[in-house]
>>> print(open('protein21.cif').read())   # mmCIF, C-alpha atoms
data_target
loop_
_atom_site.label_atom_id
_atom_site.label_comp_id
_atom_site.auth_asym_id
_atom_site.auth_seq_id
_atom_site.Cartn_x
_atom_site.Cartn_y
_atom_site.Cartn_z
CA MET K 1 0.00 0.00 0.00
CA THR K 2 2.85 2.38 0.75
CA GLN K 3 4.12 1.79 -2.77
CA GLN K 4 0.76 2.84 -4.22
CA VAL K 5 0.69 6.03 -2.18
CA ALA K 6 4.27 6.78 -3.26
CA LEU K 7 3.18 6.39 -6.90
CA VAL K 8 0.26 8.77 -6.39
CA VAL K 9 2.52 11.33 -4.68
CA LEU K 10 5.05 11.06 -7.52
CA MET K 11 2.26 11.49 -10.04
CA TRP K 12 1.20 14.63 -8.22
CA CYS K 13 4.78 15.92 -8.18
CA LEU K 14 5.12 15.41 -11.91
CA THR K 15 1.78 16.95 -12.86
CA THR K 16 1.34 20.43 -14.25
CA ASP K 17 -1.91 20.93 -12.28
CA ALA K 18 -0.78 23.05 -9.32
CA ALA K 19 -3.99 22.48 -7.34
CA ALA K 20 -3.68 18.68 -7.49
CA ALA K 21 0.00 18.74 -6.52
CA SER K 22 -0.33 21.19 -3.64
CA PRO K 23 1.78 20.48 -0.56
CA LEU K 24 -1.46 20.29 1.44
CA ASN K 25 -2.79 17.43 -0.72
CA ILE K 26 0.50 15.56 -0.54
CA CYS K 27 0.72 15.98 3.25
CA LEU K 28 -2.89 14.83 3.57
CA VAL K 29 -2.20 11.61 1.66
CA VAL K 30 0.93 10.91 3.70
CA ALA K 31 -0.94 11.58 6.98
CA LEU K 32 -3.80 9.31 5.91
CA GLN K 33 -1.30 6.59 5.03
CA VAL K 34 0.38 6.80 8.43
CA GLY K 35 -3.01 6.76 10.17
CA PHE K 36 -4.19 3.87 8.04
CA LEU K 37 -1.10 1.80 8.82
CA ALA K 38 -1.38 2.55 12.53
CA GLY K 39 -5.06 1.60 12.54
CA SER K 40 -4.54 -1.55 10.51
CA LEU K 41 -2.27 -2.96 13.19
CA HIS K 42 -5.36 -3.32 15.40
CA LEU K 43 -7.73 -4.54 12.72
CA PRO K 44 -9.47 -7.87 13.45
CA ARG K 45 -8.35 -10.71 11.21
CA ARG K 46 -11.79 -11.06 9.60
CA LEU K 47 -11.43 -7.51 8.20
CA TRP K 48 -7.98 -8.00 6.65
CA PRO K 49 -9.45 -8.40 3.14
CA LEU K 50 -10.48 -4.74 3.40
CA LEU K 51 -6.78 -3.84 3.40
CA LEU K 52 -6.45 -5.58 0.05
CA LEU K 53 -9.43 -3.70 -1.34
CA CYS K 54 -7.86 -0.38 -0.32
CA ASN K 55 -4.72 -1.38 -2.19
CA GLY K 56 -6.87 -2.26 -5.19
CA ALA K 57 -8.55 1.14 -5.14
CA LEU K 58 -5.20 2.92 -5.12
CA THR K 59 -3.89 0.65 -7.89
CA LEU K 60 -6.92 1.42 -10.01
CA ALA K 61 -6.70 5.16 -9.36
CA SER K 62 -3.01 5.45 -10.19
CA ASN K 63 -3.09 3.23 -13.27
CA ALA K 64 -6.36 4.59 -14.63
CA ALA K 65 -4.88 8.10 -14.48
CA GLN K 66 -1.88 6.93 -16.54
CA ILE K 67 -4.10 5.13 -19.05
CA MET K 68 -6.33 8.21 -19.47
CA LEU K 69 -3.31 10.51 -19.85
CA THR K 70 -1.87 8.25 -22.54
CA PHE K 71 -5.24 8.11 -24.31
CA ARG K 72 -5.67 11.89 -24.27
CA SER K 73 -2.13 12.66 -25.43
CA LYS K 74 -2.00 9.75 -27.93
CA SER K 75 1.58 9.22 -26.79
CA THR K 76 3.12 6.69 -24.42
CA GLY K 77 5.81 9.10 -23.25
CA GLN K 78 8.25 7.24 -21.03
CA LEU K 79 6.35 3.95 -20.84
CA SER K 80 8.61 1.01 -21.57
CA TRP K 81 7.80 -2.37 -23.12
CA ILE K 82 10.10 -4.01 -20.61
CA THR K 83 8.38 -2.45 -17.62
CA ILE K 84 4.84 -3.10 -18.84
CA GLY K 85 5.71 -6.61 -20.07
CA LEU K 86 7.30 -7.60 -16.78
CA ARG K 87 4.37 -6.16 -14.84
CA LEU K 88 1.89 -8.05 -17.00
CA ALA K 89 3.83 -11.30 -16.69
CA GLY K 90 4.27 -10.81 -12.94
CA THR K 91 0.60 -10.21 -12.27
CA MET K 92 -0.36 -13.23 -14.38
CA VAL K 93 2.06 -15.41 -12.40
CA ARG K 94 0.59 -14.02 -9.18
CA MET K 95 -2.89 -14.94 -10.40
CA PHE K 96 -1.74 -18.51 -11.05
CA THR K 97 0.09 -18.89 -7.74
CA THR K 98 -2.89 -17.41 -5.87
CA LEU K 99 -5.14 -20.10 -7.31
CA VAL K 100 -2.64 -22.85 -6.57
CA LEU K 101 -1.23 -21.85 -3.19
CA THR K 102 -3.96 -19.95 -1.31
CA ASP K 103 -7.00 -22.21 -1.46
CA LYS K 104 -8.41 -19.98 -4.19
CA ASP K 105 -8.45 -16.67 -2.29
CA MET K 106 -10.72 -14.84 -4.75
CA THR K 107 -10.16 -11.37 -3.28
CA LEU K 108 -6.45 -11.66 -3.89
CA PHE K 109 -7.01 -13.30 -7.28
CA PHE K 110 -9.28 -10.50 -8.52
CA LEU K 111 -6.84 -7.83 -7.34
CA PHE K 112 -4.08 -9.46 -9.37
CA ALA K 113 -6.49 -9.88 -12.31
CA MET K 114 -7.27 -6.17 -12.15
CA GLY K 115 -3.54 -5.41 -12.16
CA ALA K 116 -3.08 -7.70 -15.17
CA ALA K 117 -5.97 -6.01 -17.00
CA LEU K 118 -4.49 -2.58 -16.34
CA ALA K 119 -1.06 -3.72 -17.53
CA LEU K 120 -2.67 -5.23 -20.61
CA ALA K 121 -4.44 -1.93 -21.33
CA GLN K 122 -1.10 -0.16 -21.16
CA ALA K 123 0.48 -2.80 -23.43
CA VAL K 124 -2.29 -2.20 -25.97
CA GLN K 125 -1.64 1.53 -25.73
CA LEU K 126 2.06 0.92 -26.31
CA THR K 127 1.18 -1.04 -29.43
CA ILE K 128 -1.19 1.61 -30.75
CA TYR K 129 0.71 4.80 -29.90
CA SER K 130 4.35 3.69 -30.38
#
>>> encode(input="protein21.cif", output="structure tokens")
Amino acid sequence: MTQQVALVVLMWCLTTDAAAASPLNICLVVALQVGFLAGSLHLPRRLWPLLLLCNGALTLASNAAQIMLTFRSKSTGQLSWITIGLRLAGTMVRMFTTLVLTDKDMTLFFLFAMGAALALAQAVQLTIYS
């Protein structure tokens, strides 16, 4: 989850929209992350899947923003075949190992499937706009 927040903060730092990248917004996200991590230490085991869903929401938000930016600009910019290909392969392997090793934990499986779908969307964009 920390990785996802770091990606969102980096996206804000690299944006040209001053309002979105304001120090207040960045501090708010970092404070929420610290609070979330502190609170999750006391979360009952039956609610742990909610942590995964939060990670999924951040993954979707950060990747959807990149996909929309690429679509609007009709350019892949700095996206790399190696990076996208390895991410796609990695998420597909995680899907397989989740089915084999975790007694078919469907929450985890669908999160990895979402990651694979987002990586595939970026691979398609690389094909179209490169």
>>> atom_distance(input="protein21.cif", atom1="CA of Leu86 (chain K)", atom2="CA of Ala117 (chain K)")
13.4 Å
>>> residues_near_point(input="protein21.cif", point="(-8.0, -5.5, 1.2)", cutoff="12 Å", atoms="all atoms listed in the file", output="list in words")
Met1, Ser40, Leu43, Arg45, Arg46, Leu47, Trp48, Pro49, Leu50, Leu51, Leu52, Leu53, Cys54, Asn55, Gly56, Ala57, Leu58, Thr59, Asp105, Met106, Thr107, Leu108, Phe109, Phe110, Leu111 and Phe112 of chain K
>>> closest_residue(input="protein21.cif", among="K:Ile82, K:Leu118, K:Ala38, K:Ala65", to="Trp12 (chain K)", atoms="only C-alpha atoms")
K:Ala65
>>> axis_aligned_box(input="protein21.cif", around="region 71-84 of chain K", padding_each_side="4 Å", output="JSON")
{"center_x": 2.2, "center_y": 4.3, "center_z": -22.8, "size_x": 23.8, "size_y": 24.7, "size_z": 18.3}
>>> atom_distance(input="protein21.cif", atom1="CA of Gln66 (chain K)", atom2="CA of Phe96 (chain K)")
26.0 Å
